[in-house]
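J.: Below you will find the structure I want to go over with you.
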Amino acid sequence: MSIELRNITKRFPGYTALDNISLSVATGELIALLGPSGCGKTTLLRIIAGLETADTGSIILENRDTTNLPARSKNVGFVFQHYALFRRLNVFDNVAFGLTVKPAAERPSKQEIADRVMHLLKLVQMEWAAKRYPSQLSGGQRQRIALARALAVNPKVLLLDEPFSALDAKVRQELRRWLRKLHDDIRVTSIFVTHDQEEALELADRIVVINKGKIEQEGTPQEVYDHPANSFVYNFLGNVNVFHGRVRNGKVVLGQRLPEEHSELNGHEVKTGQAFIRPHDIGISRIRNGNDHPGIIRDIRLTGSQITLELESAGFDRPIEAEISRESWRNLELTKGDEVFITLDKVRVFTGDFEI
Amino acid sequence: MRYRFRPFPFSSIANMHLFSKRQRRILPGFGLSMGYTVFYLSAIVLVPLSTIVISTFGIEPERFLAAVSSPRVLASYRLSLSSAFFAAIFDAGAGFLTAWTLTRYRFPGKRILDAFVDLPFALPTAVAGICFATLYSPAALPGQVLSRFGIELANTPAGIVVALIFIGFPFVVRTVQPVIAELETEIEEAAQSLGASRWQTFRKILFPHLFPALLTGVTLAFARSIGEYGSVIFIAGNLPFKTEIAPLMIMSKLDQFDYDGASAVAFVLLLISFIMLLVLNGVQRWQQKAYR
């Protein structure tokens, strides 16, 4: 285990940022801490880095208890949301900084530092910028320099605090893929914080979903996406239709349709519940079959490769959003106002009153 | 916002005409505000100062030289410049620390302390001068305590430096303060997570960042100190060749109706100040060049 967090709790005046969090990260893993803003994910990252202290709990980095070590003794690389580059130093000196501040006995020679810096700049594809100053670089370039700077000291762990959120969409996507590739090459244990589910799904080996200072679920991107543990995770990971329905005798009443079988809810009394279904899990057809709900197309939106339909159906208080491929859209020859049949077989139901 | 001396932008006036033909300015009001700026600088700064230059050029060269090169006047220049220099250096340290404390930490009474900084701006300088003279005279306790340690402030250059420190102090604090406030704490956190100690973080990252503002503050304090009169003359004792400052020489020449002599001394003082400011301004530009 490279990182082991045990029962971390952190309270700020008025609220609890982290509530008894335990987490282990294997060596070489790339973990995403995913959650809405204010959920405590950044605080957790800062505690691991030693930039903040936990009220209780311990942090073990590579079998060494580092709970009470100051940030500078932790040997942790930290990448900030707004880069935090040293404006008065050029790119080379920024990357070299961590090496030049080492005590004389441990400090590599000038030549070794230069070699290491140039190696890292090559790694982040910025060797041409060694003599530039941060203000002369774009956001994406600055963040790559920040990454090189953090890697210069051979950190045991790399922590990234919303590293791409200050960048525009295109650059963000590029950097995301690039970082994934970089991580595959250098395999340094990494944790990154994000509120962007897409980023987490695409980049991480494992996702830890955090809400209100607690871990809601952890698992591979596929696990958390396909099998969300609760309504929060379901809702947070991607677009979703939420229906408020009643659960009776283990059966969900949705719209005006007959109850459907949901074995996991057997034995429950009449309860209110929430039914979730992702837009792309909704089936649309022209022909009625069994359990379909009749509906009317209110709006058609082209969202890149997909077509988003806004449907209205009797018994549903909110419009239903469905996503279909361009191909099936063409085949079905759908236009506004058409009547279609909606299949909601893949719906998942969570009982209890979970607030979103 | 950083207060900085800039030489008068003659070049932009020259370019103005060309520019307006090629492209329309997006920001409105350039003509009006530029006109106002030129008028203001002329009416408030250039015209009054030019009277010195004009009246100086009316003096015969021999008299001018005689006035500015008399040993007593030369001694006063030396004293004014050196005491202003030492005071500015002291203010650099003290002002920097004060600005740091007032910006970085939260403590009870901070606002009151912050208001104290501006007092030297507000207080009539003569009042401050009389306070110093009373406090450090051999008759008063602080003066006696200091003289026990071999420090004599009354009627000595050291006393002049003390008065100038008082005058220059707020300039340093007020120029450095906003720049410290602007510093992101993330920068320090980044340095620390890279293994830098507090001292290394300060020396390698924070100080270079704050240096231009500090230099500006020190320049202002220095410039102000060269011309300072009211707060100095009471503690200085005004002993010829020893504790006479240059502004005092001007005043005493005026008292004797030696207007030419006064103009000549003032002209040289003006020239020295102007050159000093230009040099420091150049240093600052050179400092800034790489980063923006």
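Ligands are numbered from 1 in the order shown, residues from 1 within each chain, and chains are lettered A, B, ... in the order they appear in the structure tokens.
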Once you count only C-alpha atoms, which residues of chain B turn out to be within 6 Å of chain A? Could you give them as a list in words?

T.: Glu186, Ile187, Gln192, Ser193, Leu194, Gly195 and Ala196 of chain B

J.: Could you list, as a PDB file with C-alpha atoms, in the first residue's frame, every residue within 10 Å of Phe211 (chain B), counting only C-alpha atoms and ignoring same-chain residues fewer than 2 positions away?

T.:
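Generated output (selection_12.pdb):
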```pdb
ATOM      1  CA  PHE B  96       8.869  45.770   5.148  1.00  0.00           C
ATOM      2  CA  VAL B 176       4.746  47.090  -0.060  1.00  0.00           C
ATOM      3  CA  VAL B 179       1.812  43.570  -3.043  1.00  0.00           C
ATOM      4  CA  LEU B 206       8.620  35.826  -1.718  1.00  0.00           C
ATOM      5  CA  PHE B 207      11.362  38.405  -1.478  1.00  0.00           C
ATOM      6  CA  PRO B 208      12.156  38.596  -5.209  1.00  0.00           C
ATOM      7  CA  HIS B 209       8.457  39.021  -5.736  1.00  0.00           C
ATOM      8  CA  ALA B 213       7.566  47.309  -4.601  1.00  0.00           C
ATOM      9  CA  LEU B 214      10.112  47.630  -1.822  1.00  0.00           C
ATOM     10  CA  LEU B 215      12.429  49.499  -4.142  1.00  0.00           C
ATOM     11  CA  THR B 216       9.628  51.870  -5.083  1.00  0.00           C
ATOM     12  CA  GLY B 217       8.837  52.499  -1.441  1.00  0.00           C
ATOM     13  CA  GLN B 284      13.208  48.949 -11.541  1.00  0.00           C
ATOM     14  CA  GLN B 287      14.047  44.278 -12.722  1.00  0.00           C
TER      15      GLN B 287
END
```

J.: From the list A:Val208, A:Ala314, A:Val224, A:Ile342, which residue is nearest Pro279 (chain A) when using only C-alpha atoms?

T.: A:Ile342

J.: Separation of CA of Met276 (chain B) and CA of Ala181 (chain B), in Å?

T.: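 Going from CA of Met276 (chain B) over to CA of Ala181 (chain B), I get 28.7 Å.
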
J.: Any idea what's packed within 10 Å of Asp260 (chain B), counting only C-alpha atoms, ignoring anything in its chain fewer than 2 positions away? Could you give it as a PDB file with N, CA and C atoms, in the first residue's frame?

T.:
```pdb
ATOM      1  N   ILE B  52      12.476  77.646 -10.726  1.00  0.00           N
ATOM      2  CA  ILE B  52      13.813  77.467 -10.159  1.00  0.00           C
ATOM      3  C   ILE B  52      14.841  77.450 -11.279  1.00  0.00           C
ATOM      4  N   SER B  55      15.130  80.954 -12.951  1.00  0.00           N
ATOM      5  CA  SER B  55      15.863  81.947 -12.162  1.00  0.00           C
ATOM      6  C   SER B  55      17.330  81.559 -12.019  1.00  0.00           C
ATOM      7  N   THR B  56      17.594  80.248 -12.030  1.00  0.00           N
ATOM      8  CA  THR B  56      18.990  79.821 -11.939  1.00  0.00           C
ATOM      9  C   THR B  56      19.768  80.221 -13.180  1.00  0.00           C
ATOM     10  N   PHE B  57      19.097  80.104 -14.333  1.00  0.00           N
ATOM     11  CA  PHE B  57      19.799  80.456 -15.564  1.00  0.00           C
ATOM     12  C   PHE B  57      20.054  81.956 -15.680  1.00  0.00           C
ATOM     13  N   GLY B  58      19.401  82.733 -14.813  1.00  0.00           N
ATOM     14  CA  GLY B  58      19.648  84.174 -14.813  1.00  0.00           C
ATOM     15  C   GLY B  58      20.898  84.573 -14.042  1.00  0.00           C
ATOM     16  N   ILE B  59      21.473  83.602 -13.335  1.00  0.00           N
ATOM     17  CA  ILE B  59      22.645  83.932 -12.505  1.00  0.00           C
ATOM     18  C   ILE B  59      23.906  83.821 -13.343  1.00  0.00           C
ATOM     19  N   GLU B  60      24.873  84.726 -13.090  1.00  0.00           N
ATOM     20  CA  GLU B  60      26.147  84.577 -13.800  1.00  0.00           C
ATOM     21  C   GLU B  60      26.823  83.303 -13.310  1.00  0.00           C
ATOM     22  N   ARG B  63      28.929  83.317 -10.063  1.00  0.00           N
ATOM     23  CA  ARG B  63      28.174  83.414  -8.805  1.00  0.00           C
ATOM     24  C   ARG B  63      27.495  82.093  -8.487  1.00  0.00           C
ATOM     25  N   PHE B  64      26.985  81.471  -9.566  1.00  0.00           N
ATOM     26  CA  PHE B  64      26.332  80.169  -9.384  1.00  0.00           C
ATOM     27  C   PHE B  64      27.294  79.162  -8.767  1.00  0.00           C
ATOM     28  N   ALA B  67      28.134  79.894  -5.258  1.00  0.00           N
ATOM     29  CA  ALA B  67      27.048  79.589  -4.321  1.00  0.00           C
ATOM     30  C   ALA B  67      26.971  78.092  -4.026  1.00  0.00           C
ATOM     31  N   LYS B 253      19.636  81.231   3.094  1.00  0.00           N
ATOM     32  CA  LYS B 253      19.972  82.186   2.032  1.00  0.00           C
ATOM     33  C   LYS B 253      18.798  83.111   1.757  1.00  0.00           C
ATOM     34  N   LEU B 254      17.587  82.536   1.822  1.00  0.00           N
ATOM     35  CA  LEU B 254      16.402  83.369   1.614  1.00  0.00           C
ATOM     36  C   LEU B 254      16.283  84.412   2.721  1.00  0.00           C
ATOM     37  N   PHE B 257      18.088  87.369   2.033  1.00  0.00           N
ATOM     38  CA  PHE B 257      17.688  87.963   0.747  1.00  0.00           C
ATOM     39  C   PHE B 257      18.640  87.604  -0.382  1.00  0.00           C
ATOM     40  N   ASP B 258      19.352  86.467  -0.228  1.00  0.00           N
ATOM     41  CA  ASP B 258      20.247  86.008  -1.293  1.00  0.00           C
ATOM     42  C   ASP B 258      19.465  85.056  -2.194  1.00  0.00           C
ATOM     43  N   ALA B 262      19.983  81.008  -3.158  1.00  0.00           N
ATOM     44  CA  ALA B 262      18.953  80.026  -2.805  1.00  0.00           C
ATOM     45  C   ALA B 262      18.544  79.228  -4.038  1.00  0.00           C
ATOM     46  N   SER B 263      18.329  79.936  -5.158  1.00  0.00           N
ATOM     47  CA  SER B 263      17.943  79.255  -6.401  1.00  0.00           C
ATOM     48  C   SER B 263      19.020  78.274  -6.825  1.00  0.00           C
ATOM     49  N   ALA B 264      20.266  78.701  -6.742  1.00  0.00           N
ATOM     50  CA  ALA B 264      21.368  77.850  -7.183  1.00  0.00           C
ATOM     51  C   ALA B 264      21.408  76.563  -6.364  1.00  0.00           C
ATOM     52  N   VAL B 265      21.315  76.701  -5.053  1.00  0.00           N
ATOM     53  CA  VAL B 265      21.346  75.516  -4.191  1.00  0.00           C
ATOM     54  C   VAL B 265      20.144  74.620  -4.486  1.00  0.00           C
ATOM     55  N   ALA B 266      18.973  75.241  -4.643  1.00  0.00           N
ATOM     56  CA  ALA B 266      17.756  74.471  -4.921  1.00  0.00           C
ATOM     57  C   ALA B 266      17.883  73.732  -6.248  1.00  0.00           C
TER      58      ALA B 266
END
```
